[in-house]
$ cat structure_7.txt   # compact mmCIF, C-alpha atoms (C1' of nucleotides)
# COMPACT_ATOMS: atom_id res chain seq x y z
CA MET N 1 19.32 -44.99 -43.23
CA ARG N 2 17.29 -42.56 -41.20
CA LEU N 3 17.71 -38.91 -41.81
CA SER N 4 15.17 -37.36 -39.52
CA SER N 5 14.31 -38.50 -36.02
CA SER N 6 16.74 -39.62 -33.37
CA TRP N 7 18.45 -36.30 -32.86
CA GLU N 8 18.38 -36.99 -29.18
CA GLY N 9 21.79 -36.55 -27.63
CA ASP N 10 23.46 -35.93 -30.94
CA ALA N 11 26.18 -33.36 -30.72
CA PHE N 12 27.58 -31.04 -33.31
CA ASP N 13 29.84 -33.07 -35.53
CA PRO N 14 32.44 -31.30 -37.67
CA GLU N 15 32.91 -34.56 -39.60
CA CYS N 16 29.25 -34.73 -40.64
CA PRO N 17 29.10 -34.83 -44.45
CA THR N 18 26.49 -32.12 -44.57
CA ARG N 19 28.60 -29.89 -42.37
CA ILE N 20 31.67 -30.41 -44.52
CA VAL N 21 29.75 -29.51 -47.65
CA LEU N 22 28.13 -26.50 -45.99
CA ASP N 23 31.52 -25.22 -44.93
CA ARG N 24 32.83 -25.82 -48.41
CA VAL N 25 29.94 -24.22 -50.25
CA GLY N 26 29.07 -21.60 -47.67
CA ASP N 27 32.29 -19.69 -47.93
CA LYS N 28 32.39 -16.34 -49.59
CA TRP N 29 33.66 -17.23 -53.05
CA THR N 30 33.20 -20.94 -53.79
CA VAL N 31 29.78 -20.78 -55.42
CA LEU N 32 30.78 -17.76 -57.48
CA ILE N 33 33.94 -19.46 -58.70
CA ILE N 34 32.42 -22.77 -59.65
CA GLY N 35 29.66 -20.84 -61.38
CA ILE N 36 32.25 -19.12 -63.51
CA LEU N 37 34.20 -22.32 -64.14
CA ASP N 38 31.00 -23.96 -65.30
CA GLU N 39 31.45 -22.08 -68.56
CA GLY N 40 34.71 -23.88 -69.14
CA PRO N 41 38.38 -23.65 -68.17
CA LYS N 42 39.49 -20.22 -67.04
CA ARG N 43 42.73 -18.51 -66.21
CA PHE N 44 43.49 -16.94 -62.89
CA SER N 45 43.03 -13.44 -64.23
CA GLU N 46 39.82 -14.29 -66.01
CA ILE N 47 38.31 -15.54 -62.79
CA ARG N 48 39.59 -12.55 -60.94
CA LEU N 49 38.12 -10.13 -63.45
CA ALA N 50 34.84 -12.02 -63.68
CA ILE N 51 34.36 -11.77 -59.94
CA GLY N 52 35.73 -8.30 -59.43
CA GLY N 53 36.66 -7.30 -55.94
CA ILE N 54 38.52 -10.41 -54.86
CA THR N 55 42.15 -9.96 -53.89
CA PRO N 56 44.73 -12.30 -55.40
CA LYS N 57 45.55 -13.76 -52.03
CA VAL N 58 41.97 -14.74 -51.34
CA LEU N 59 41.43 -16.05 -54.85
CA THR N 60 44.59 -18.10 -54.58
CA SER N 61 43.66 -19.65 -51.28
CA THR N 62 40.11 -20.39 -52.39
CA LEU N 63 41.30 -22.00 -55.61
CA ARG N 64 43.87 -24.01 -53.68
CA SER N 65 41.23 -25.37 -51.34
CA LEU N 66 38.97 -26.18 -54.27
CA VAL N 67 41.83 -28.10 -55.86
CA ALA N 68 42.58 -29.80 -52.54
CA ASP N 69 38.95 -30.91 -52.36
CA GLY N 70 39.06 -32.32 -55.86
CA LEU N 71 36.44 -29.93 -57.21
CA VAL N 72 38.80 -28.08 -59.51
CA THR N 73 41.95 -28.94 -61.42
CA ARG N 74 44.90 -26.64 -61.85
CA GLU N 75 47.02 -26.95 -64.93
CA VAL N 76 50.24 -25.02 -65.48
CA PHE N 77 51.41 -24.41 -69.02
CA ALA N 78 55.13 -23.98 -69.47
CA GLU N 79 54.92 -20.87 -71.56
CA VAL N 80 56.08 -17.32 -71.47
CA PRO N 81 54.20 -15.55 -70.15
CA PRO N 82 53.10 -18.28 -67.76
CA ARG N 83 49.55 -19.54 -68.04
CA VAL N 84 47.54 -21.40 -65.44
CA GLU N 85 44.13 -22.82 -66.12
CA TYR N 86 41.51 -23.90 -63.66
CA GLU N 87 38.77 -26.30 -64.62
CA LEU N 88 35.91 -28.03 -62.89
CA THR N 89 36.27 -31.73 -62.23
CA ASP N 90 33.29 -34.05 -62.65
CA LEU N 91 32.88 -33.84 -58.90
CA GLY N 92 32.84 -30.06 -59.08
CA ARG N 93 30.35 -30.12 -61.90
CA SER N 94 28.06 -32.47 -60.01
CA LEU N 95 27.98 -29.99 -57.16
CA GLN N 96 26.20 -27.53 -59.39
CA GLU N 97 22.95 -29.46 -59.13
CA PRO N 98 22.29 -29.11 -55.41
CA VAL N 99 23.64 -25.56 -55.56
CA ALA N 100 21.18 -24.79 -58.34
CA ALA N 101 18.38 -26.16 -56.17
CA LEU N 102 19.41 -23.80 -53.42
CA ARG N 103 19.66 -20.98 -55.90
CA ARG N 104 16.14 -21.61 -57.12
CA TRP N 105 14.82 -21.65 -53.57
CA ALA N 106 16.72 -18.45 -52.87
CA GLU N 107 15.28 -16.61 -55.83
CA LEU N 108 11.77 -17.66 -54.92
CA ASN N 109 11.95 -16.93 -51.22
CA VAL N 110 14.61 -14.39 -50.46
CA ALA N 111 12.11 -11.57 -50.80
CA ALA N 112 10.13 -13.01 -47.90
CA ILE N 113 13.27 -13.28 -45.80
CA SER N 114 14.37 -9.75 -46.59
CA ASP N 115 10.90 -8.44 -45.81
CA ASN N 116 10.95 -10.11 -42.44
CA ARG N 117 14.44 -8.87 -41.70
CA SER N 118 13.61 -5.24 -42.40
CA ARG N 119 10.40 -5.51 -40.42
CA VAL N 120 12.00 -7.07 -37.39
CA ALA N 121 15.15 -4.94 -37.58
CA ARG N 122 17.20 -7.26 -35.43
CA MET V 1 16.28 -16.11 -67.68
CA ARG V 2 19.93 -17.00 -67.98
CA LEU V 3 21.74 -18.34 -64.99
CA SER V 4 25.11 -19.09 -66.46
CA SER V 5 27.05 -16.90 -68.86
CA SER V 6 27.50 -13.17 -68.59
CA TRP V 7 29.58 -13.19 -65.43
CA GLU V 8 31.79 -10.63 -67.10
CA GLY V 9 32.42 -7.71 -64.81
CA ASP V 10 30.03 -8.93 -62.16
CA ALA V 11 31.19 -8.19 -58.67
CA PHE V 12 30.54 -9.92 -55.43
CA ASP V 13 27.06 -8.91 -54.31
CA PRO V 14 26.07 -9.34 -50.67
CA GLU V 15 22.44 -8.76 -51.72
CA CYS V 16 22.44 -11.67 -54.15
CA PRO V 17 19.66 -14.08 -53.14
CA THR V 18 21.95 -17.07 -53.31
CA ARG V 19 24.49 -15.34 -51.10
CA ILE V 20 21.87 -14.44 -48.53
CA VAL V 21 20.64 -18.01 -48.38
CA LEU V 22 24.17 -19.38 -48.22
CA ASP V 23 24.99 -17.11 -45.32
CA ARG V 24 21.78 -18.12 -43.62
CA VAL V 25 22.17 -21.85 -44.15
CA GLY V 26 25.92 -22.00 -43.96
CA ASP V 27 26.19 -20.91 -40.37
CA LYS V 28 27.16 -23.36 -37.73
CA TRP V 29 23.78 -24.29 -36.25
CA THR V 30 20.97 -23.37 -38.65
CA VAL V 31 20.69 -26.65 -40.51
CA LEU V 32 20.92 -28.61 -37.28
CA ILE V 33 18.20 -26.56 -35.65
CA ILE V 34 15.73 -26.65 -38.51
CA GLY V 35 16.38 -30.38 -38.75
CA ILE V 36 15.33 -30.77 -35.16
CA LEU V 37 12.34 -28.48 -35.54
CA ASP V 38 11.21 -30.52 -38.51
CA GLU V 39 9.95 -33.07 -35.99
CA GLY V 40 7.58 -30.50 -34.57
CA PRO V 41 7.56 -27.62 -32.08
CA LYS V 42 10.33 -27.74 -29.53
CA ARG V 43 11.22 -25.88 -26.38
CA PHE V 44 14.48 -24.05 -25.87
CA SER V 45 15.91 -26.76 -23.64
CA GLU V 46 14.81 -29.55 -25.93
CA ILE V 47 16.70 -28.00 -28.80
CA ARG V 48 19.67 -27.37 -26.60
CA LEU V 49 19.77 -30.96 -25.39
CA ALA V 50 19.16 -32.37 -28.85
CA ILE V 51 22.14 -30.51 -30.21
CA GLY V 52 24.42 -30.89 -27.26
CA GLY V 53 27.38 -28.57 -27.03
CA ILE V 54 25.71 -25.31 -27.94
CA THR V 55 25.82 -22.55 -25.34
CA PRO V 56 22.59 -20.75 -24.46
CA LYS V 57 23.88 -17.49 -25.82
CA VAL V 58 24.62 -18.94 -29.22
CA LEU V 59 21.38 -20.87 -29.33
CA THR V 60 19.47 -17.73 -28.43
CA SER V 61 21.09 -15.61 -31.08
CA THR V 62 20.67 -18.27 -33.76
CA LEU V 63 17.01 -18.76 -32.90
CA ARG V 64 16.47 -15.00 -32.87
CA SER V 65 17.94 -14.66 -36.33
CA LEU V 66 15.82 -17.56 -37.57
CA VAL V 67 12.74 -15.82 -36.21
CA ALA V 68 13.87 -12.54 -37.75
CA ASP V 69 14.16 -14.27 -41.12
CA GLY V 70 10.68 -15.74 -40.80
CA LEU V 71 11.88 -19.33 -40.81
CA VAL V 72 10.83 -20.05 -37.24
CA THR V 73 8.14 -18.79 -34.90
CA ARG V 74 8.61 -18.16 -31.22
CA GLU V 75 5.65 -18.55 -28.90
CA VAL V 76 5.75 -17.66 -25.22
CA PHE V 77 3.29 -19.35 -22.86
CA ALA V 78 2.37 -17.41 -19.74
CA GLU V 79 2.93 -20.25 -17.33
CA VAL V 80 5.05 -21.13 -14.37
CA PRO V 81 7.59 -22.38 -15.09
CA PRO V 82 7.89 -20.35 -18.28
CA ARG V 83 7.60 -22.18 -21.56
CA VAL V 84 8.73 -21.02 -24.96
CA GLU V 85 8.17 -23.02 -28.08
CA TYR V 86 9.89 -22.72 -31.42
CA GLU V 87 8.31 -24.02 -34.56
CA LEU V 88 9.14 -24.03 -38.24
CA THR V 89 7.12 -21.73 -40.47
CA ASP V 90 6.04 -22.88 -43.91
CA LEU V 91 8.97 -20.94 -45.26
CA GLY V 92 11.29 -22.77 -42.89
CA ARG V 93 9.83 -26.10 -43.85
CA SER V 94 10.20 -25.35 -47.54
CA LEU V 95 13.89 -24.76 -46.97
CA GLN V 96 14.31 -28.40 -46.02
CA GLU V 97 14.01 -29.46 -49.65
CA PRO V 98 17.08 -27.77 -51.09
CA VAL V 99 18.95 -28.57 -47.89
CA ALA V 100 18.04 -32.22 -48.32
CA ALA V 101 19.37 -32.10 -51.86
CA LEU V 102 22.64 -30.78 -50.54
CA ARG V 103 22.64 -33.42 -47.84
CA ARG V 104 22.18 -36.17 -50.40
CA TRP V 105 25.02 -34.84 -52.49
CA ALA V 106 27.15 -34.60 -49.38
CA GLU V 107 26.56 -38.18 -48.35
CA LEU V 108 27.36 -39.41 -51.83
CA ASN V 109 30.47 -37.36 -52.41
CA VAL V 110 32.04 -36.31 -49.16
CA ALA V 111 34.21 -39.42 -49.14
CA ALA V 112 35.83 -38.27 -52.36
CA ILE V 113 36.44 -34.82 -50.92
CA SER V 114 37.90 -36.17 -47.71
CA ASP V 115 40.14 -38.53 -49.67
CA ASN V 116 41.48 -35.67 -51.71
CA ARG V 117 41.99 -33.52 -48.66
CA SER V 118 44.05 -36.09 -46.83
CA ARG V 119 46.05 -36.83 -49.95
CA VAL V 120 46.85 -33.24 -50.70
CA ALA V 121 47.36 -32.25 -47.06
CA ARG V 122 46.91 -28.56 -47.67
C1' DC P 1 51.04 -13.34 -65.31
C1' DC P 2 50.40 -15.71 -61.17
C1' DG P 3 50.82 -15.66 -57.26
C1' DA P 4 53.48 -15.37 -51.98
C1' DA P 5 54.38 -12.67 -47.62
C1' DT P 6 53.00 -9.79 -44.19
C1' DC P 7 50.00 -7.34 -41.44
C1' DC P 8 45.53 -6.11 -39.91
C1' DT P 9 40.35 -5.91 -39.14
C1' DT P 10 36.09 -8.04 -38.45
C1' DC P 11 32.95 -11.46 -37.22
C1' DT P 12 31.37 -15.86 -35.51
C1' DG P 13 31.05 -18.44 -31.91
C1' DG P 14 32.54 -20.03 -27.10
C1' DA P 15 33.44 -19.85 -21.61
C1' DT P 16 31.64 -18.47 -17.63
C1' DA P 17 28.60 -16.48 -14.53
C1' DC P 18 24.28 -14.41 -13.44
C1' DT P 19 18.79 -13.21 -13.67
C1' DG P 20 13.31 -12.57 -14.45
C1' DC W 1 13.08 -22.61 -17.67
C1' DA W 2 14.81 -19.54 -20.65
C1' DG W 3 17.43 -16.71 -21.29
C1' DT W 4 21.47 -12.13 -20.37
C1' DA W 5 25.96 -10.09 -19.56
C1' DT W 6 30.90 -9.94 -20.24
C1' DC W 7 34.81 -11.15 -21.95
C1' DC W 8 37.58 -13.43 -25.36
C1' DA W 9 39.94 -16.63 -28.92
C1' DG W 10 40.30 -18.21 -33.55
C1' DA W 11 39.69 -17.91 -38.24
C1' DA W 12 38.16 -15.76 -42.52
C1' DG W 13 38.92 -12.34 -45.35
C1' DG W 14 41.16 -7.86 -46.94
C1' DA W 15 45.13 -4.23 -48.02
C1' DT W 16 49.42 -3.75 -49.43
C1' DT W 17 53.69 -5.06 -51.00
C1' DC W 18 57.02 -8.14 -53.13
C1' DG W 19 58.83 -12.34 -56.00
C1' DG W 20 59.55 -16.26 -59.85
$ encode --input "structure_7.txt" --output "structure tokens"
Amino acid sequence: MRLSSSWEGDAFDPECPTRIVLDRVGDKWTVLIIGILDEGPKRFSEIRLAIGGITPKVLTSTLRSLVADGLVTREVFAEVPPRVEYELTDLGRSLQEPVAALRRWAELNVAAISDNRSRVAR
Amino acid sequence: MRLSSSWEGDAFDPECPTRIVLDRVGDKWTVLIIGILDEGPKRFSEIRLAIGGITPKVLTSTLRSLVADGLVTREVFAEVPPRVEYELTDLGRSLQEPVAALRRWAELNVAAISDNRSRVAR
DNA sequence: CCGAATCCTTCTGGATACTG
DNA sequence: CAGTATCCAGAAGGATTCGG
């Protein structure tokens, strides 16, 4: 399995695993949410409060897509008042590792990027 | 330095290092381009051909932002015909590591995600 | 309490044609 | 060869309001 080399003629591929994961993880809320859920199961409102500034519609749709991807489970408790808990799956938990690697790189190097950005003033 | 816990009340922060890097790396062409440049310096047309399907405008703007972030250098040679070479900086090269980690995770787990997606049919 | 429905804005990226 | 210039479509995300 070759990872580098032989890019010649390759086109953009929306089915590429890396692309799928980048789309998944690159969206505005995913990393934040799975970071919160890493503490343990959380209710809708807890997540919403923990993030602060996310509208219910956006939180709902993000959670739905996370569930659809198998990264999060959604459990409804038949109670009054209703309670819904979201929890990371093993798959979702395993995603934390590469994300943490990116986070570490970010914290080490984002200063350099920001410096360049302000200097160049694109 | 605590990474987890204490999310309480935290809001979405566009200045968060992780967010900046996710925005940088999550865009449509960045990972593809730095993957190509990992082989060595490349000319505009080489990159364009290697990717296939990117318009010059988009390639230009992506390369410009990569240069602005200090991940890539742009060198103009005063020749006829004109030649411009793009090359990874050390910073750009160092980014390959966390990206590779994400790529590995993707290749291991994207099947599971795709399975779930097709099953759930969101 | 946990969303759904609707409407709207913004932003990325693309099509096409042209230039130093 | 290496871009620019215009114009534009689609999707993500947000504001607000309403429902089970």
$ closest_residue --input "structure_7.txt" --among "N:Ile34, N:Ala106, N:Cys16, N:Ile47" --to "chain V" --atoms "all atoms listed in the file"
N:Ala106
$ residues_around --input "structure_7.txt" --residues "N:Gly40" --least-positions-apart "3" --cutoff "10 Å" --atoms "all atoms listed in the file" --output "CSV table (one decimal) with C-alpha atoms, in the coordinates of the input"
chain,number,residue,atom,x,y,z
N,34,ILE,CA,32.4,-22.8,-59.6
N,35,GLY,CA,29.7,-20.8,-61.4
N,36,ILE,CA,32.2,-19.1,-63.5
N,37,LEU,CA,34.2,-22.3,-64.1
N,85,GLU,CA,44.1,-22.8,-66.1
N,86,TYR,CA,41.5,-23.9,-63.7
N,87,GLU,CA,38.8,-26.3,-64.6
N,88,LEU,CA,35.9,-28.0,-62.9
$ residues_around --input "structure_7.txt" --residues "stretch 2-19 of chain P" --least-positions-apart "2" --cutoff "8 Å" --atoms "only C-alpha atoms (C1' of nucleotides)" --output "list in words"
Phe44, Pro56, Lys57, Thr60, Pro82, Arg83 and Val84 of chain N; Thr55 and Val58 of chain V; DT4, DA5, DC18 and DG19 of chain W
$ calpha_fit_and_write --input "structure_7.txt" --fixed "chain V" --moving "chain N" --output "PDB file with C-alpha atoms, in the frame of the given file"
ATOM      1  CA  MET N   1      16.275 -15.206 -66.876  1.00  0.00           C
ATOM      2  CA  ARG N   2      19.803 -16.359 -67.481  1.00  0.00           C
ATOM      3  CA  LEU N   3      21.632 -18.086 -64.734  1.00  0.00           C
ATOM      4  CA  SER N   4      24.899 -19.018 -66.332  1.00  0.00           C
ATOM      5  CA  SER N   5      26.892 -16.916 -68.761  1.00  0.00           C
ATOM      6  CA  SER N   6      27.497 -13.206 -68.537  1.00  0.00           C
ATOM      7  CA  TRP N   7      29.612 -13.257 -65.417  1.00  0.00           C
ATOM      8  CA  GLU N   8      31.838 -10.731 -67.056  1.00  0.00           C
ATOM      9  CA  GLY N   9      32.428  -7.754 -64.816  1.00  0.00           C
ATOM     10  CA  ASP N  10      30.041  -8.981 -62.184  1.00  0.00           C
ATOM     11  CA  ALA N  11      31.217  -8.220 -58.707  1.00  0.00           C
ATOM     12  CA  PHE N  12      30.518  -9.936 -55.449  1.00  0.00           C
ATOM     13  CA  ASP N  13      27.057  -8.929 -54.371  1.00  0.00           C
ATOM     14  CA  PRO N  14      26.039  -9.342 -50.728  1.00  0.00           C
ATOM     15  CA  GLU N  15      22.417  -8.774 -51.791  1.00  0.00           C
ATOM     16  CA  CYS N  16      22.430 -11.719 -54.206  1.00  0.00           C
ATOM     17  CA  PRO N  17      19.650 -14.117 -53.172  1.00  0.00           C
ATOM     18  CA  THR N  18      21.947 -17.095 -53.344  1.00  0.00           C
ATOM     19  CA  ARG N  19      24.478 -15.360 -51.142  1.00  0.00           C
ATOM     20  CA  ILE N  20      21.854 -14.455 -48.571  1.00  0.00           C
ATOM     21  CA  VAL N  21      20.637 -18.031 -48.411  1.00  0.00           C
ATOM     22  CA  LEU N  22      24.177 -19.403 -48.247  1.00  0.00           C
ATOM     23  CA  ASP N  23      24.963 -17.115 -45.348  1.00  0.00           C
ATOM     24  CA  ARG N  24      21.747 -18.138 -43.675  1.00  0.00           C
ATOM     25  CA  VAL N  25      22.148 -21.862 -44.190  1.00  0.00           C
ATOM     26  CA  GLY N  26      25.920 -22.006 -44.015  1.00  0.00           C
ATOM     27  CA  ASP N  27      26.202 -20.921 -40.434  1.00  0.00           C
ATOM     28  CA  LYS N  28      27.154 -23.369 -37.771  1.00  0.00           C
ATOM     29  CA  TRP N  29      23.774 -24.276 -36.311  1.00  0.00           C
ATOM     30  CA  THR N  30      20.942 -23.380 -38.698  1.00  0.00           C
ATOM     31  CA  VAL N  31      20.686 -26.679 -40.550  1.00  0.00           C
ATOM     32  CA  LEU N  32      20.920 -28.640 -37.315  1.00  0.00           C
ATOM     33  CA  ILE N  33      18.180 -26.579 -35.701  1.00  0.00           C
ATOM     34  CA  ILE N  34      15.709 -26.679 -38.538  1.00  0.00           C
ATOM     35  CA  GLY N  35      16.372 -30.398 -38.791  1.00  0.00           C
ATOM     36  CA  ILE N  36      15.331 -30.790 -35.190  1.00  0.00           C
ATOM     37  CA  LEU N  37      12.333 -28.485 -35.559  1.00  0.00           C
ATOM     38  CA  ASP N  38      11.196 -30.551 -38.512  1.00  0.00           C
ATOM     39  CA  GLU N  39       9.955 -33.101 -35.998  1.00  0.00           C
ATOM     40  CA  GLY N  40       7.588 -30.537 -34.575  1.00  0.00           C
ATOM     41  CA  PRO N  41       7.560 -27.655 -32.094  1.00  0.00           C
ATOM     42  CA  LYS N  42      10.337 -27.763 -29.535  1.00  0.00           C
ATOM     43  CA  ARG N  43      11.272 -25.906 -26.406  1.00  0.00           C
ATOM     44  CA  PHE N  44      14.507 -24.067 -25.938  1.00  0.00           C
ATOM     45  CA  SER N  45      15.921 -26.749 -23.688  1.00  0.00           C
ATOM     46  CA  GLU N  46      14.851 -29.554 -25.964  1.00  0.00           C
ATOM     47  CA  ILE N  47      16.726 -27.998 -28.840  1.00  0.00           C
ATOM     48  CA  ARG N  48      19.697 -27.357 -26.657  1.00  0.00           C
ATOM     49  CA  LEU N  49      19.807 -30.935 -25.432  1.00  0.00           C
ATOM     50  CA  ALA N  50      19.198 -32.370 -28.889  1.00  0.00           C
ATOM     51  CA  ILE N  51      22.176 -30.491 -30.262  1.00  0.00           C
ATOM     52  CA  GLY N  52      24.469 -30.830 -27.295  1.00  0.00           C
ATOM     53  CA  GLY N  53      27.416 -28.523 -27.110  1.00  0.00           C
ATOM     54  CA  ILE N  54      25.732 -25.264 -28.029  1.00  0.00           C
ATOM     55  CA  THR N  55      25.857 -22.506 -25.441  1.00  0.00           C
ATOM     56  CA  PRO N  56      22.631 -20.715 -24.548  1.00  0.00           C
ATOM     57  CA  LYS N  57      23.920 -17.458 -25.922  1.00  0.00           C
ATOM     58  CA  VAL N  58      24.638 -18.926 -29.325  1.00  0.00           C
ATOM     59  CA  LEU N  59      21.383 -20.855 -29.414  1.00  0.00           C
ATOM     60  CA  THR N  60      19.491 -17.721 -28.486  1.00  0.00           C
ATOM     61  CA  SER N  61      21.090 -15.605 -31.155  1.00  0.00           C
ATOM     62  CA  THR N  62      20.657 -18.268 -33.820  1.00  0.00           C
ATOM     63  CA  LEU N  63      17.003 -18.759 -32.938  1.00  0.00           C
ATOM     64  CA  ARG N  64      16.477 -15.005 -32.935  1.00  0.00           C
ATOM     65  CA  SER N  65      17.915 -14.677 -36.416  1.00  0.00           C
ATOM     66  CA  LEU N  66      15.814 -17.590 -37.620  1.00  0.00           C
ATOM     67  CA  VAL N  67      12.736 -15.854 -36.240  1.00  0.00           C
ATOM     68  CA  ALA N  68      13.850 -12.566 -37.797  1.00  0.00           C
ATOM     69  CA  ASP N  69      14.128 -14.322 -41.155  1.00  0.00           C
ATOM     70  CA  GLY N  70      10.659 -15.777 -40.840  1.00  0.00           C
ATOM     71  CA  LEU N  71      11.862 -19.376 -40.828  1.00  0.00           C
ATOM     72  CA  VAL N  72      10.837 -20.080 -37.259  1.00  0.00           C
ATOM     73  CA  THR N  73       8.147 -18.824 -34.916  1.00  0.00           C
ATOM     74  CA  ARG N  74       8.624 -18.193 -31.234  1.00  0.00           C
ATOM     75  CA  GLU N  75       5.691 -18.572 -28.925  1.00  0.00           C
ATOM     76  CA  VAL N  76       5.777 -17.674 -25.239  1.00  0.00           C
ATOM     77  CA  PHE N  77       3.337 -19.363 -22.901  1.00  0.00           C
ATOM     78  CA  ALA N  78       2.402 -17.412 -19.812  1.00  0.00           C
ATOM     79  CA  GLU N  79       2.962 -20.219 -17.385  1.00  0.00           C
ATOM     80  CA  VAL N  80       5.054 -20.989 -14.387  1.00  0.00           C
ATOM     81  CA  PRO N  81       7.605 -22.187 -15.067  1.00  0.00           C
ATOM     82  CA  PRO N  82       7.822 -20.217 -18.299  1.00  0.00           C
ATOM     83  CA  ARG N  83       7.651 -22.138 -21.547  1.00  0.00           C
ATOM     84  CA  VAL N  84       8.802 -21.017 -24.965  1.00  0.00           C
ATOM     85  CA  GLU N  85       8.204 -23.022 -28.084  1.00  0.00           C
ATOM     86  CA  TYR N  86       9.906 -22.731 -31.416  1.00  0.00           C
ATOM     87  CA  GLU N  87       8.310 -24.037 -34.569  1.00  0.00           C
ATOM     88  CA  LEU N  88       9.120 -24.062 -38.244  1.00  0.00           C
ATOM     89  CA  THR N  89       7.109 -21.775 -40.476  1.00  0.00           C
ATOM     90  CA  ASP N  90       6.012 -22.940 -43.922  1.00  0.00           C
ATOM     91  CA  LEU N  91       8.954 -20.992 -45.273  1.00  0.00           C
ATOM     92  CA  GLY N  92      11.288 -22.811 -42.913  1.00  0.00           C
ATOM     93  CA  ARG N  93       9.808 -26.140 -43.854  1.00  0.00           C
ATOM     94  CA  SER N  94      10.195 -25.420 -47.552  1.00  0.00           C
ATOM     95  CA  LEU N  95      13.882 -24.822 -46.980  1.00  0.00           C
ATOM     96  CA  GLN N  96      14.294 -28.447 -46.041  1.00  0.00           C
ATOM     97  CA  GLU N  97      14.006 -29.542 -49.657  1.00  0.00           C
ATOM     98  CA  PRO N  98      17.077 -27.838 -51.091  1.00  0.00           C
ATOM     99  CA  VAL N  99      18.951 -28.632 -47.881  1.00  0.00           C
ATOM    100  CA  ALA N 100      18.031 -32.286 -48.301  1.00  0.00           C
ATOM    101  CA  ALA N 101      19.378 -32.162 -51.850  1.00  0.00           C
ATOM    102  CA  LEU N 102      22.650 -30.850 -50.520  1.00  0.00           C
ATOM    103  CA  ARG N 103      22.630 -33.468 -47.817  1.00  0.00           C
ATOM    104  CA  ARG N 104      22.182 -36.229 -50.358  1.00  0.00           C
ATOM    105  CA  TRP N 105      25.035 -34.885 -52.455  1.00  0.00           C
ATOM    106  CA  ALA N 106      27.163 -34.642 -49.333  1.00  0.00           C
ATOM    107  CA  GLU N 107      26.565 -38.219 -48.301  1.00  0.00           C
ATOM    108  CA  LEU N 108      27.379 -39.475 -51.766  1.00  0.00           C
ATOM    109  CA  ASN N 109      30.482 -37.406 -52.355  1.00  0.00           C
ATOM    110  CA  VAL N 110      32.044 -36.338 -49.110  1.00  0.00           C
ATOM    111  CA  ALA N 111      34.226 -39.429 -49.065  1.00  0.00           C
ATOM    112  CA  ALA N 112      35.859 -38.291 -52.297  1.00  0.00           C
ATOM    113  CA  ILE N 113      36.450 -34.836 -50.863  1.00  0.00           C
ATOM    114  CA  SER N 114      37.907 -36.177 -47.643  1.00  0.00           C
ATOM    115  CA  ASP N 115      40.151 -38.537 -49.583  1.00  0.00           C
ATOM    116  CA  ASN N 116      41.488 -35.688 -51.641  1.00  0.00           C
ATOM    117  CA  ARG N 117      41.993 -33.514 -48.594  1.00  0.00           C
ATOM    118  CA  SER N 118      44.042 -36.100 -46.732  1.00  0.00           C
ATOM    119  CA  ARG N 119      46.065 -36.849 -49.838  1.00  0.00           C
ATOM    120  CA  VAL N 120      46.857 -33.249 -50.604  1.00  0.00           C
ATOM    121  CA  ALA N 121      47.350 -32.265 -46.959  1.00  0.00           C
ATOM    122  CA  ARG N 122      46.906 -28.576 -47.592  1.00  0.00           C
TER     123      ARG N 122
END
$ interface_residues --input "structure_7.txt" --of "chain W" --to "chain N" --cutoff "10 Å" --atoms "all atoms listed in the file" --output "ChimeraX atom specification"
/W:12-15
$ closest_atom_pairs --input "structure_7.txt" --of "chain N" --to "chain V" --cutoff "6 Å" --atoms "all atoms listed in the file" --output "Markdown table"
| residue | atom | partner | partner_atom | distance |
| --- | --- | --- | --- | --- |
| N:Trp7 | CA | V:Ala50 | CA | 5.7 |
| N:Glu8 | CA | V:Ala50 | CA | 4.7 |
| N:Gly9 | CA | V:Ala50 | CA | 5.1 |
| N:Asp10 | CA | V:Ile51 | CA | 5.6 |
| N:Ala11 | CA | V:Gly52 | CA | 4.6 |
| N:Pro17 | CA | V:Ala106 | CA | 5.3 |
| N:Thr18 | CA | V:Arg103 | CA | 5.2 |
| N:Val21 | CA | V:Ala106 | CA | 6.0 |
| N:Leu22 | CA | V:Gly26 | CA | 5.4 |
| N:Gly26 | CA | V:Gly26 | CA | 4.9 |
| N:Ala50 | CA | V:Glu8 | CA | 4.8 |
| N:Ile51 | CA | V:Ala11 | CA | 4.9 |
| N:Gly52 | CA | V:Ala11 | CA | 4.6 |
| N:Ala68 | CA | V:Arg117 | CA | 5.4 |
| N:Asp69 | CA | V:Ile113 | CA | 4.9 |
| N:Gly70 | CA | V:Asn116 | CA | 5.9 |
| N:Pro98 | CA | V:Leu102 | CA | 5.2 |
| N:Ala101 | CA | V:Pro98 | CA | 5.5 |
| N:Leu102 | CA | V:Pro98 | CA | 5.2 |
| N:Arg103 | CA | V:Thr18 | CA | 5.2 |
| N:Ala106 | CA | V:Pro17 | CA | 5.3 |
| N:Glu107 | CA | V:Pro17 | CA | 5.7 |
| N:Val110 | CA | V:Pro17 | CA | 5.7 |
| N:Ile113 | CA | V:Asp69 | CA | 4.9 |
| N:Asn116 | CA | V:Asp69 | CA | 5.4 |
| N:Arg117 | CA | V:Ala68 | CA | 5.4 |
| N:Val120 | CA | V:Ala68 | CA | 5.8 |
$ residues_around --input "structure_7.txt" --residues "P:DG20" --least-positions-apart "6" --cutoff "12 Å" --atoms "all atoms listed in the file" --output "list in words"
Val80, Pro81 and Pro82 of chain V; DC1, DA2, DG3 and DT4 of chain W
$ write_last_selection --input "structure_7.txt" --atoms "C-alpha atoms (C1' of nucleotides)" --output "PDB file, keeping the file's coordinate frame"
ATOM      1  CA  VAL V  80       5.050 -21.130 -14.370  1.00  0.00           C
ATOM      2  CA  PRO V  81       7.590 -22.380 -15.090  1.00  0.00           C
ATOM      3  CA  PRO V  82       7.890 -20.350 -18.280  1.00  0.00           C
TER       4      PRO V  82
ATOM      5  C1'  DC W   1      13.080 -22.610 -17.670  1.00  0.00           C
ATOM      6  C1'  DA W   2      14.810 -19.540 -20.650  1.00  0.00           C
ATOM      7  C1'  DG W   3      17.430 -16.710 -21.290  1.00  0.00           C
ATOM      8  C1'  DT W   4      21.470 -12.130 -20.370  1.00  0.00           C
TER       9       DT W   4
END
